[in-house]
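The next block is model35.cif, given as mmCIF, C-alpha atoms and all ligand atoms.
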```cif
data_my_file
loop_
_atom_site.group_PDB
_atom_site.id
_atom_site.type_symbol
_atom_site.label_atom_id
_atom_site.label_comp_id
_atom_site.auth_asym_id
_atom_site.auth_seq_id
_atom_site.Cartn_x
_atom_site.Cartn_y
_atom_site.Cartn_z
ATOM 1 C CA MET A 1 -75.691 -77.550 55.934
ATOM 2 C CA LYS A 2 -76.223 -74.137 54.376
ATOM 3 C CA PRO A 3 -79.013 -74.064 51.782
ATOM 4 C CA GLU A 4 -77.775 -73.818 48.195
ATOM 5 C CA VAL A 5 -78.645 -70.620 46.382
ATOM 6 C CA VAL A 6 -78.033 -69.705 42.736
ATOM 7 C CA VAL A 7 -77.067 -66.053 42.159
ATOM 8 C CA LEU A 8 -77.389 -64.761 38.587
ATOM 9 C CA SER A 9 -75.539 -61.460 38.963
ATOM 10 C CA ARG A 10 -73.112 -59.987 41.509
ATOM 11 C CA LEU A 11 -75.045 -57.697 43.835
ATOM 12 C CA GLY A 12 -73.277 -54.718 45.345
ATOM 13 C CA PRO A 13 -71.979 -53.137 47.541
ATOM 14 C CA PRO A 14 -69.686 -55.967 48.811
ATOM 15 C CA GLU A 15 -71.519 -56.491 52.106
ATOM 16 C CA VAL A 16 -74.513 -57.839 50.179
ATOM 17 C CA MET A 17 -72.498 -60.701 48.671
ATOM 18 C CA GLU A 18 -70.783 -61.207 52.052
ATOM 19 C CA ALA A 19 -74.172 -61.570 53.742
ATOM 20 C CA LEU A 20 -75.265 -64.104 51.117
ATOM 21 C CA GLU A 21 -71.994 -66.042 51.443
ATOM 22 C CA THR A 22 -72.356 -66.185 55.231
ATOM 23 C CA SER A 23 -75.723 -67.918 55.118
ATOM 24 C CA TYR A 24 -75.757 -69.906 51.868
ATOM 25 C CA GLN A 25 -73.711 -72.130 49.643
ATOM 26 C CA LEU A 26 -73.668 -69.941 46.547
ATOM 27 C CA HIS A 27 -73.574 -70.880 42.883
ATOM 28 C CA CYS A 28 -72.464 -67.634 41.225
ATOM 29 C CA LEU A 29 -73.539 -67.935 37.612
ATOM 30 C CA TRP A 30 -71.835 -64.811 36.273
ATOM 31 C CA GLU A 31 -68.467 -66.405 37.100
ATOM 32 C CA VAL A 32 -68.953 -69.499 34.944
ATOM 33 C CA SER A 33 -68.234 -70.083 31.263
ATOM 34 C CA ASP A 34 -70.488 -73.144 30.933
ATOM 35 C CA ARG A 35 -73.908 -72.077 32.264
ATOM 36 C CA GLN A 36 -75.554 -75.448 31.593
ATOM 37 C CA ALA A 37 -72.866 -77.322 33.546
ATOM 38 C CA ALA A 38 -73.115 -74.780 36.381
ATOM 39 C CA LEU A 39 -76.894 -75.205 36.547
ATOM 40 C CA LYS A 40 -76.447 -78.978 36.646
ATOM 41 C CA ALA A 41 -74.059 -78.600 39.564
ATOM 42 C CA ALA A 42 -76.669 -76.383 41.237
ATOM 43 C CA SER A 43 -79.575 -78.765 40.735
ATOM 44 C CA SER A 44 -80.193 -79.062 44.504
ATOM 45 C CA ALA A 45 -80.462 -75.288 44.937
ATOM 46 C CA ARG A 46 -83.502 -74.176 46.917
ATOM 47 C CA GLY A 47 -83.039 -70.464 46.366
ATOM 48 C CA LEU A 48 -82.426 -68.151 43.410
ATOM 49 C CA VAL A 49 -81.276 -64.534 43.499
ATOM 50 C CA THR A 50 -81.962 -62.617 40.317
ATOM 51 C CA THR A 51 -82.359 -59.013 39.142
ATOM 52 C CA GLY A 52 -85.237 -57.061 37.636
ATOM 53 C CA SER A 53 -83.663 -57.338 34.191
ATOM 54 C CA LEU A 54 -82.423 -60.957 34.314
ATOM 55 C CA GLY A 55 -85.607 -62.318 35.859
ATOM 56 C CA ALA A 56 -86.340 -66.064 35.811
ATOM 57 C CA ASP A 57 -88.009 -67.982 32.996
ATOM 58 C CA PRO A 58 -89.614 -71.443 33.138
ATOM 59 C CA ALA A 59 -86.500 -73.062 31.595
ATOM 60 C CA LEU A 60 -84.398 -71.796 34.502
ATOM 61 C CA MET A 61 -87.021 -72.986 37.010
ATOM 62 C CA ASP A 62 -87.015 -76.402 35.304
ATOM 63 C CA ALA A 63 -83.230 -76.557 35.549
ATOM 64 C CA LEU A 64 -83.553 -76.041 39.317
ATOM 65 C CA PRO A 65 -86.141 -78.682 40.322
ATOM 66 C CA GLU A 66 -85.661 -78.106 44.077
ATOM 67 C CA LEU A 67 -86.268 -74.359 43.771
ATOM 68 C CA GLU A 68 -88.501 -72.980 46.548
ATOM 69 C CA VAL A 69 -87.797 -69.262 46.639
ATOM 70 C CA ILE A 70 -86.787 -66.514 44.195
ATOM 71 C CA SER A 71 -85.491 -63.238 45.619
ATOM 72 C CA ILE A 72 -85.428 -60.425 43.036
ATOM 73 C CA ASN A 73 -83.036 -57.496 43.413
ATOM 74 C CA GLY A 74 -85.429 -55.036 41.815
ATOM 75 C CA VAL A 75 -89.007 -53.863 41.604
ATOM 76 C CA GLY A 76 -89.758 -54.922 38.012
ATOM 77 C CA LEU A 77 -91.517 -58.272 37.749
ATOM 78 C CA ASP A 78 -91.803 -58.431 33.958
ATOM 79 C CA ALA A 79 -88.818 -60.745 33.485
ATOM 80 C CA VAL A 80 -89.933 -63.269 36.102
ATOM 81 C CA ASP A 81 -92.570 -65.714 34.925
ATOM 82 C CA LEU A 82 -94.853 -65.378 37.950
ATOM 83 C CA PRO A 83 -97.505 -67.862 36.743
ATOM 84 C CA ALA A 84 -94.722 -70.452 36.218
ATOM 85 C CA ALA A 85 -93.383 -69.749 39.716
ATOM 86 C CA LYS A 86 -96.874 -69.978 41.201
ATOM 87 C CA ALA A 87 -97.569 -73.259 39.397
ATOM 88 C CA ARG A 88 -94.364 -74.695 40.889
ATOM 89 C CA GLY A 89 -95.182 -73.374 44.381
ATOM 90 C CA ILE A 90 -92.122 -71.095 44.342
ATOM 91 C CA ALA A 91 -92.267 -68.058 46.658
ATOM 92 C CA VAL A 92 -91.143 -64.792 45.019
ATOM 93 C CA GLY A 93 -89.817 -61.708 46.808
ATOM 94 C CA TYR A 94 -88.821 -58.338 45.310
ATOM 95 C CA THR A 95 -87.624 -54.943 46.510
ATOM 96 C CA PRO A 96 -90.376 -52.317 46.255
ATOM 97 C CA GLY A 97 -90.099 -49.023 48.105
ATOM 98 C CA VAL A 98 -86.370 -48.950 48.734
ATOM 99 C CA LEU A 99 -85.454 -47.849 45.192
ATOM 100 C CA THR A 100 -88.208 -45.283 44.648
ATOM 101 C CA GLU A 101 -86.062 -42.287 45.575
ATOM 102 C CA GLY A 102 -82.949 -43.404 43.705
ATOM 103 C CA VAL A 103 -84.880 -44.030 40.496
ATOM 104 C CA ALA A 104 -86.864 -40.790 40.827
ATOM 105 C CA ASP A 105 -83.623 -38.816 41.315
ATOM 106 C CA MET A 106 -82.350 -40.337 38.076
ATOM 107 C CA ALA A 107 -85.470 -39.310 36.156
ATOM 108 C CA VAL A 108 -84.949 -35.713 37.257
ATOM 109 C CA ALA A 109 -81.240 -35.957 36.373
ATOM 110 C CA LEU A 110 -82.168 -37.195 32.881
ATOM 111 C CA ILE A 111 -84.693 -34.373 32.372
ATOM 112 C CA LEU A 112 -82.055 -31.802 33.338
ATOM 113 C CA ALA A 113 -79.302 -33.547 31.367
ATOM 114 C CA ALA A 114 -81.366 -33.430 28.184
ATOM 115 C CA SER A 115 -82.962 -30.002 28.593
ATOM 116 C CA ARG A 116 -79.719 -28.289 29.688
ATOM 117 C CA LYS A 117 -77.571 -30.245 27.207
ATOM 118 C CA LEU A 118 -75.222 -31.552 29.922
ATOM 119 C CA VAL A 119 -73.904 -34.535 27.991
ATOM 120 C CA GLU A 120 -73.802 -32.725 24.659
ATOM 121 C CA GLY A 121 -72.022 -29.824 26.389
ATOM 122 C CA ASP A 122 -69.490 -32.186 27.942
ATOM 123 C CA ARG A 123 -68.701 -33.614 24.493
ATOM 124 C CA PHE A 124 -68.540 -30.068 23.095
ATOM 125 C CA VAL A 125 -65.825 -29.129 25.600
ATOM 126 C CA ARG A 126 -63.842 -32.357 25.352
ATOM 127 C CA ASN A 127 -63.762 -32.569 21.570
ATOM 128 C CA GLY A 128 -62.418 -29.019 21.266
ATOM 129 C CA THR A 129 -65.490 -27.516 19.544
ATOM 130 C CA TRP A 130 -65.826 -24.844 22.254
ATOM 131 C CA ALA A 131 -62.125 -23.998 22.054
ATOM 132 C CA SER A 132 -62.458 -23.619 18.298
ATOM 133 C CA GLY A 133 -64.819 -20.682 18.883
ATOM 134 C CA GLU A 134 -68.238 -22.307 18.393
ATOM 135 C CA LYS A 135 -71.180 -21.902 20.760
ATOM 136 C CA LEU A 136 -73.465 -24.669 21.957
ATOM 137 C CA ALA A 137 -77.127 -24.156 20.967
ATOM 138 C CA LEU A 138 -79.447 -22.975 23.748
ATOM 139 C CA GLY A 139 -81.075 -25.453 26.075
ATOM 140 C CA TRP A 140 -84.514 -25.001 27.609
ATOM 141 C CA SER A 141 -85.980 -24.755 31.101
ATOM 142 C CA ILE A 142 -88.222 -27.328 32.780
ATOM 143 C CA ARG A 143 -89.711 -24.571 34.983
ATOM 144 C CA GLY A 144 -93.450 -24.174 34.512
ATOM 145 C CA LYS A 145 -93.605 -26.884 31.836
ATOM 146 C CA THR A 146 -96.090 -29.765 31.638
ATOM 147 C CA VAL A 147 -94.854 -33.246 32.504
ATOM 148 C CA GLY A 148 -96.909 -36.293 31.522
ATOM 149 C CA PHE A 149 -96.346 -39.494 33.500
ATOM 150 C CA LEU A 150 -96.954 -42.802 31.780
ATOM 151 C CA GLY A 151 -97.549 -44.794 34.960
ATOM 152 C CA PHE A 152 -98.089 -42.947 38.207
ATOM 153 C CA GLY A 153 -97.102 -45.340 40.966
ATOM 154 C CA ARG A 154 -94.553 -44.807 43.721
ATOM 155 C CA ILE A 155 -91.764 -43.732 41.360
ATOM 156 C CA GLY A 156 -93.821 -41.349 39.203
ATOM 157 C CA ARG A 157 -95.220 -39.644 42.287
ATOM 158 C CA GLU A 158 -91.745 -39.214 43.756
ATOM 159 C CA VAL A 159 -90.506 -37.704 40.464
ATOM 160 C CA LEU A 160 -93.376 -35.224 40.642
ATOM 161 C CA ARG A 161 -92.617 -34.425 44.296
ATOM 162 C CA LEU A 162 -89.070 -33.482 43.251
ATOM 163 C CA LEU A 163 -90.226 -31.576 40.163
ATOM 164 C CA ALA A 164 -92.667 -29.527 42.260
ATOM 165 C CA ALA A 165 -89.722 -27.255 43.042
ATOM 166 C CA PHE A 166 -89.663 -26.370 39.319
ATOM 167 C CA GLY A 167 -93.363 -25.474 39.314
ATOM 168 C CA VAL A 168 -94.327 -28.049 36.693
ATOM 169 C CA LYS A 169 -97.902 -28.975 35.779
ATOM 170 C CA ALA A 170 -98.500 -32.723 35.912
ATOM 171 C CA LEU A 171 -100.635 -35.162 33.930
ATOM 172 C CA TYR A 172 -100.702 -38.926 34.207
ATOM 173 C CA HIS A 173 -101.925 -41.868 32.194
ATOM 174 C CA GLU A 174 -102.943 -45.136 33.838
ATOM 175 C CA PRO A 175 -105.562 -47.731 32.874
ATOM 176 C CA LYS A 176 -107.853 -46.119 35.484
ATOM 177 C CA ALA A 177 -107.920 -42.751 37.315
ATOM 178 C CA LEU A 178 -106.299 -42.868 40.760
ATOM 179 C CA GLU A 179 -107.687 -41.478 44.012
ATOM 180 C CA GLY A 180 -105.977 -38.653 45.860
ATOM 181 C CA VAL A 181 -103.105 -37.837 43.474
ATOM 182 C CA SER A 182 -101.829 -34.366 42.642
ATOM 183 C CA ALA A 183 -101.853 -34.722 38.848
ATOM 184 C CA ASP A 184 -104.596 -34.622 36.222
ATOM 185 C CA TYR A 185 -105.734 -37.888 34.661
ATOM 186 C CA CYS A 186 -105.577 -38.422 30.897
ATOM 187 C CA ASN A 187 -107.267 -41.604 29.753
ATOM 188 C CA ASP A 188 -105.762 -41.229 26.280
ATOM 189 C CA LEU A 189 -101.983 -41.452 25.956
ATOM 190 C CA VAL A 190 -101.782 -39.496 22.676
ATOM 191 C CA THR A 191 -103.808 -36.655 24.211
ATOM 192 C CA MET A 192 -101.482 -36.603 27.217
ATOM 193 C CA ALA A 193 -98.455 -36.504 24.912
ATOM 194 C CA GLU A 194 -99.971 -33.575 22.969
ATOM 195 C CA LYS A 195 -100.365 -31.599 26.188
ATOM 196 C CA SER A 196 -96.915 -32.501 27.591
ATOM 197 C CA ASP A 197 -93.473 -30.952 27.139
ATOM 198 C CA VAL A 198 -91.866 -33.978 28.802
ATOM 199 C CA MET A 199 -93.155 -37.517 29.057
ATOM 200 C CA VAL A 200 -91.672 -39.713 31.787
ATOM 201 C CA VAL A 201 -92.161 -43.442 31.308
ATOM 202 C CA CYS A 202 -92.407 -45.012 34.761
ATOM 203 C CA CYS A 203 -94.938 -47.821 34.341
ATOM 204 C CA ALA A 204 -94.287 -51.543 34.721
ATOM 205 C CA GLY A 205 -92.914 -53.509 31.778
ATOM 206 C CA GLY A 206 -94.504 -56.657 30.378
ATOM 207 C CA GLU A 207 -97.130 -57.507 27.778
ATOM 208 C CA ALA A 208 -99.717 -54.976 28.991
ATOM 209 C CA THR A 209 -97.404 -52.039 28.233
ATOM 210 C CA ARG A 210 -95.338 -53.394 25.314
ATOM 211 C CA ASN A 211 -94.739 -50.712 22.630
ATOM 212 C CA LEU A 212 -97.325 -48.426 24.237
ATOM 213 C CA VAL A 213 -95.149 -45.472 23.255
ATOM 214 C CA ASP A 214 -95.276 -45.720 19.474
ATOM 215 C CA ALA A 215 -94.959 -43.232 16.595
ATOM 216 C CA SER A 216 -98.382 -41.672 17.272
ATOM 217 C CA VAL A 217 -97.466 -40.920 20.910
ATOM 218 C CA LEU A 218 -93.967 -39.672 20.035
ATOM 219 C CA LYS A 219 -95.249 -37.369 17.263
ATOM 220 C CA ALA A 220 -97.866 -36.004 19.665
ATOM 221 C CA LEU A 221 -95.091 -35.199 22.142
ATOM 222 C CA GLY A 222 -93.688 -33.195 19.290
ATOM 223 C CA PRO A 223 -90.554 -31.576 17.853
ATOM 224 C CA LYS A 224 -89.851 -29.765 21.146
ATOM 225 C CA GLY A 225 -90.874 -32.662 23.367
ATOM 226 C CA LEU A 226 -88.624 -34.815 25.537
ATOM 227 C CA LEU A 227 -89.142 -38.523 26.230
ATOM 228 C CA VAL A 228 -87.578 -39.910 29.415
ATOM 229 C CA ASN A 229 -87.588 -43.648 30.090
ATOM 230 C CA ILE A 230 -86.517 -45.064 33.455
ATOM 231 C CA ALA A 231 -88.928 -48.032 33.335
ATOM 232 C CA ARG A 232 -88.413 -50.708 30.685
ATOM 233 C CA GLY A 233 -87.230 -50.529 27.086
ATOM 234 C CA SER A 234 -90.162 -52.710 26.052
ATOM 235 C CA VAL A 235 -92.636 -49.879 26.750
ATOM 236 C CA VAL A 236 -91.201 -47.765 23.907
ATOM 237 C CA CYS A 237 -91.212 -48.986 20.300
ATOM 238 C CA GLU A 238 -87.496 -48.409 19.631
ATOM 239 C CA PRO A 239 -87.696 -48.369 15.790
ATOM 240 C CA ASP A 240 -90.504 -45.756 16.029
ATOM 241 C CA LEU A 241 -88.412 -43.740 18.488
ATOM 242 C CA ILE A 242 -85.421 -43.731 16.143
ATOM 243 C CA ALA A 243 -87.534 -42.832 13.086
ATOM 244 C CA THR A 244 -89.380 -40.037 14.928
ATOM 245 C CA LEU A 245 -86.162 -38.519 16.258
ATOM 246 C CA GLU A 246 -84.477 -38.795 12.838
ATOM 247 C CA ALA A 247 -87.419 -37.044 11.179
ATOM 248 C CA GLY A 248 -87.288 -34.235 13.780
ATOM 249 C CA HIS A 249 -90.818 -35.028 14.945
ATOM 250 C CA LEU A 250 -89.584 -35.584 18.514
ATOM 251 C CA GLY A 251 -87.213 -33.107 20.181
ATOM 252 C CA ALA A 252 -85.070 -35.297 22.408
ATOM 253 C CA ALA A 253 -84.878 -38.489 24.441
ATOM 254 C CA ALA A 254 -83.149 -39.448 27.676
ATOM 255 C CA LEU A 255 -83.062 -43.195 28.123
ATOM 256 C CA ASP A 256 -81.843 -45.452 30.914
ATOM 257 C CA VAL A 257 -83.461 -48.614 29.556
ATOM 258 C CA PHE A 258 -83.534 -50.297 26.144
ATOM 259 C CA ALA A 259 -85.315 -53.048 24.254
ATOM 260 C CA ASP A 260 -82.317 -55.399 24.069
ATOM 261 C CA GLU A 261 -79.894 -54.502 26.878
ATOM 262 C CA PRO A 262 -76.964 -54.083 26.872
ATOM 263 C CA ARG A 263 -77.233 -53.475 23.131
ATOM 264 C CA VAL A 264 -78.195 -49.902 22.261
ATOM 265 C CA PRO A 265 -78.975 -49.117 18.609
ATOM 266 C CA GLN A 266 -76.177 -47.299 16.786
ATOM 267 C CA ALA A 267 -78.746 -44.790 15.485
ATOM 268 C CA LEU A 268 -79.495 -43.629 19.043
ATOM 269 C CA GLN A 269 -75.799 -43.476 19.889
ATOM 270 C CA ALA A 270 -75.209 -41.191 16.911
ATOM 271 C CA MET A 271 -77.774 -38.543 17.930
ATOM 272 C CA GLU A 272 -76.658 -35.455 19.885
ATOM 273 C CA ASN A 273 -80.179 -34.905 21.263
ATOM 274 C CA VAL A 274 -80.268 -38.321 22.957
ATOM 275 C CA VAL A 275 -78.884 -38.969 26.443
ATOM 276 C CA LEU A 276 -78.028 -42.615 27.098
ATOM 277 C CA THR A 277 -77.291 -44.305 30.423
ATOM 278 C CA PRO A 278 -76.720 -48.033 31.079
ATOM 279 C CA HIS A 279 -79.770 -48.980 33.216
ATOM 280 C CA ILE A 280 -78.392 -47.272 36.324
ATOM 281 C CA ALA A 281 -81.459 -45.579 37.818
ATOM 282 C CA SER A 282 -81.197 -47.642 41.017
ATOM 283 C CA ALA A 283 -77.401 -47.873 40.890
ATOM 284 C CA THR A 284 -76.293 -45.822 43.881
ATOM 285 C CA THR A 285 -74.422 -47.361 46.803
ATOM 286 C CA GLU A 286 -77.256 -46.340 49.132
ATOM 287 C CA THR A 287 -80.078 -47.746 47.011
ATOM 288 C CA ARG A 288 -78.297 -50.961 46.030
ATOM 289 C CA LEU A 289 -77.387 -51.581 49.687
ATOM 290 C CA ALA A 290 -81.041 -51.176 50.696
ATOM 291 C CA MET A 291 -82.149 -53.424 47.828
ATOM 292 C CA GLY A 292 -79.474 -56.036 48.607
ATOM 293 C CA ARG A 293 -80.432 -56.100 52.291
ATOM 294 C CA LEU A 294 -84.052 -56.722 51.363
ATOM 295 C CA VAL A 295 -83.014 -59.526 48.980
ATOM 296 C CA VAL A 296 -81.103 -61.139 51.871
ATOM 297 C CA GLU A 297 -83.937 -60.540 54.360
ATOM 298 C CA ASN A 298 -86.521 -62.102 52.048
ATOM 299 C CA LEU A 299 -84.366 -65.222 51.706
ATOM 300 C CA ALA A 300 -83.709 -65.338 55.462
ATOM 301 C CA ALA A 301 -87.436 -65.052 56.186
ATOM 302 C CA TYR A 302 -88.207 -67.894 53.792
ATOM 303 C CA PHE A 303 -85.529 -70.228 55.169
ATOM 304 C CA SER A 304 -86.646 -69.586 58.749
ATOM 305 C CA GLY A 305 -90.237 -70.464 57.895
ATOM 306 C CA LYS A 306 -91.566 -66.888 58.042
ATOM 307 C CA PRO A 307 -93.505 -64.958 55.407
ATOM 308 C CA LEU A 308 -91.390 -62.950 52.948
ATOM 309 C CA LEU A 309 -91.047 -59.288 53.933
ATOM 310 C CA THR A 310 -91.969 -58.062 50.459
ATOM 311 C CA PRO A 311 -93.646 -60.848 48.477
ATOM 312 C CA ALA A 312 -94.331 -60.214 44.793
ATOM 313 C CA PRO A 313 -98.044 -59.727 44.104
ATOM 314 C CA MET A 314 -99.012 -63.148 42.734
ATOM 315 C CA ASP A 315 -102.665 -63.260 43.816
ATOM 316 C CA GLY A 316 -105.176 -63.433 41.048
ATOM 317 C CA LEU A 317 -102.686 -64.886 38.565
HETATM 318 C C1 LIG B 1 -82.145 -52.817 38.633
HETATM 319 C C2 LIG B 1 -84.595 -52.647 37.892
HETATM 320 O O1 LIG B 1 -81.282 -52.187 37.754
HETATM 321 O O2 LIG B 1 -85.841 -52.627 39.878
HETATM 322 C C3 LIG B 1 -85.776 -53.013 38.723
HETATM 323 O O3 LIG B 1 -86.667 -53.691 38.208
HETATM 324 O O4 LIG B 1 -84.615 -52.798 36.721
HETATM 325 C C4 LIG B 1 -83.409 -52.037 38.524
HETATM 326 O O5 LIG B 1 -83.630 -51.453 39.732
HETATM 327 C C5 LIG B 1 -82.018 -54.253 38.341
HETATM 328 O O6 LIG B 1 -82.957 -55.028 38.971
HETATM 329 C C6 LIG B 1 -80.582 -54.698 38.684
HETATM 330 O O7 LIG B 1 -80.438 -55.228 39.936
#
```

Here is a file; write its structure as structure tokens.
Amino acid sequence: MKPEVVVLSRLGPPEVMEALETSYQLHCLWEVSDRQAALKAASSARGLVTTGSLGADPALMDALPELEVISINGVGLDAVDLPAAKARGIAVGYTPGVLTEGVADMAVALILAASRKLVEGDRFVRNGTWASGEKLALGWSIRGKTVGFLGFGRIGREVLRLLAAFGVKALYHEPKALEGVSADYCNDLVTMAEKSDVMVVCCAGGEATRNLVDASVLKALGPKGLLVNIARGSVVCEPDLIATLEAGHLGAAALDVFADEPRVPQALQAMENVVLTPHIASATTETRLAMGRLVVENLAAYFSGKPLLTPAPMDGL
């Protein structure tokens, strides 16, 4: 008998779902109209596959009383209730490392898209404004500018490695200074924002970072400043972001993540100086294949009695 596994969202490319189907009896929840009935039918499931955004809350764990292992397709742990999993003795795996490069590439793409007006320029061509004789306003160069990193883990450091080719100066904000990193520490976020031309949000989500980027930080970044968020929408106070942009106190924003996905405030959609993408920083075939393989390998390790390859850090909870 194959173990039963609940899958909350289709993982791609196709070989990931094929690998899951080969080894498990799947309950694919995105295919059902009645989620409660589907969960009831899955009440013997021993495994759960979820994503960084969908996570797993205690209600879901309660609905799956036989649950032994959660395998997350993502690096963010903010949507999975780790204390609830620990209390139930549920093992949790995630996919660190394999998405660092894909997400870092996206941060650089967003910086260039906003500073060089790629999306605005595309609209300008398509809607006939260029043909009507108008000129797009000048963009600006990232070369030699100062980039402040809110969070300087694997992803932030990879973004900086890529940006080194542009000769940027780098600052970072973390709860504590880090050893052996090639960026200057700022223990105050507002001070870092004042000194930065671009701020890249690449810290973990969750209560510790909720609304850390508020009006005071955004105003300090300033009327020429650019905010890039490839982490979690919860880190940025969205109403403050909208108000600061509308008042012209912040120059631009490039956002891959939002407070209430997939809903994106109309006010942000209406602004030419805002680049919006639908939470796709890890969404390349290469990265999603690597993530999907690790999801499958973590499950396989669990069901063959071995330690997970990449267990979520649950110690000390
Ligand atoms: C994914 C993410 O988009 O890693 C994360 O935490 O948010 C993203 O890489 C998400 O997990 C979808 O699978």

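All residues that come within 12 Å of the coordinates (-77.2, -42.6, 17.9), counting all atoms listed in the file, are given as Glu238, Leu241, Ile242, Ala243, Leu245, Glu246, Ala252, Ala253, Ala254, Leu255, Val264, Pro265, Gln266, Ala267, Leu268, Gln269, Ala270, Met271, Glu272, Asn273, Val274, Val275 and Leu276 of chain A.
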
Do you know which residues the PyMOL selection byres (((chain A and resi 164-175) around 6) and not hetatm) returns on this file, as a PDB file with C-alpha atoms, keeping the file's coordinate frame?
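Resulting contents of expr_9.pdb:
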```pdb
ATOM      1  CA  ARG A 143     -89.711 -24.571  34.983  1.00  0.00           C
ATOM      2  CA  GLY A 144     -93.450 -24.174  34.512  1.00  0.00           C
ATOM      3  CA  LYS A 145     -93.605 -26.884  31.836  1.00  0.00           C
ATOM      4  CA  THR A 146     -96.090 -29.765  31.638  1.00  0.00           C
ATOM      5  CA  VAL A 147     -94.854 -33.246  32.504  1.00  0.00           C
ATOM      6  CA  GLY A 148     -96.909 -36.293  31.522  1.00  0.00           C
ATOM      7  CA  PHE A 149     -96.346 -39.494  33.500  1.00  0.00           C
ATOM      8  CA  LEU A 150     -96.954 -42.802  31.780  1.00  0.00           C
ATOM      9  CA  GLY A 151     -97.549 -44.794  34.960  1.00  0.00           C
ATOM     10  CA  LEU A 160     -93.376 -35.224  40.642  1.00  0.00           C
ATOM     11  CA  ARG A 161     -92.617 -34.425  44.296  1.00  0.00           C
ATOM     12  CA  LEU A 162     -89.070 -33.482  43.251  1.00  0.00           C
ATOM     13  CA  LEU A 163     -90.226 -31.576  40.163  1.00  0.00           C
ATOM     14  CA  LYS A 176    -107.853 -46.119  35.484  1.00  0.00           C
ATOM     15  CA  ALA A 183    -101.853 -34.722  38.848  1.00  0.00           C
ATOM     16  CA  ASP A 184    -104.596 -34.622  36.222  1.00  0.00           C
ATOM     17  CA  TYR A 185    -105.734 -37.888  34.661  1.00  0.00           C
ATOM     18  CA  CYS A 186    -105.577 -38.422  30.897  1.00  0.00           C
ATOM     19  CA  ASN A 187    -107.267 -41.604  29.753  1.00  0.00           C
TER      20      ASN A 187
END
```

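Using the PyMOL selection byres (((not hetatm)) within 7 of (chain B and resi 1)) on this structure selects Thr51, Gly52, Ser53, Asn73, Gly74, Val75, Gly76, Leu77, Leu99, His279, Ile280, Ala281, Ser282 and Ala283 of chain A.
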
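With CA of Cys202 in chain A on one side and CA of Gly153 in chain A on the other, the separation reads 7.8 Å.
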
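When CA of Phe303 in chain A is paired with CA of Tyr24 in chain A, their separation reads 10.3 Å.
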
Evaluate the PyMOL selection byres (((chain A and resi 138) around 12) and not hetatm) and record the selected residues as a PyMOL selection string, following the chain and residue labels used in the document. chain A and resi 114-118+120-121+135-137+139-141

Please dump the current selection as an mmCIF file, in the coordinates of the input; keep C-alpha atoms.
```cif
data_model
loop_
_atom_site.group_PDB
_atom_site.id
_atom_site.type_symbol
_atom_site.label_atom_id
_atom_site.label_comp_id
_atom_site.auth_asym_id
_atom_site.auth_seq_id
_atom_site.Cartn_x
_atom_site.Cartn_y
_atom_site.Cartn_z
ATOM 1 C CA ALA A 114 -81.366 -33.430 28.184
ATOM 2 C CA SER A 115 -82.962 -30.002 28.593
ATOM 3 C CA ARG A 116 -79.719 -28.289 29.688
ATOM 4 C CA LYS A 117 -77.571 -30.245 27.207
ATOM 5 C CA LEU A 118 -75.222 -31.552 29.922
ATOM 6 C CA GLU A 120 -73.802 -32.725 24.659
ATOM 7 C CA GLY A 121 -72.022 -29.824 26.389
ATOM 8 C CA LYS A 135 -71.180 -21.902 20.760
ATOM 9 C CA LEU A 136 -73.465 -24.669 21.957
ATOM 10 C CA ALA A 137 -77.127 -24.156 20.967
ATOM 11 C CA GLY A 139 -81.075 -25.453 26.075
ATOM 12 C CA TRP A 140 -84.514 -25.001 27.609
ATOM 13 C CA SER A 141 -85.980 -24.755 31.101
#
```

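With all atoms listed in the file as the atoms that count, the minimum distance from Glu21 in chain A to the choices A:Arg35, A:Ala301, A:Val296, A:Ile230 is reached by A:Val296.
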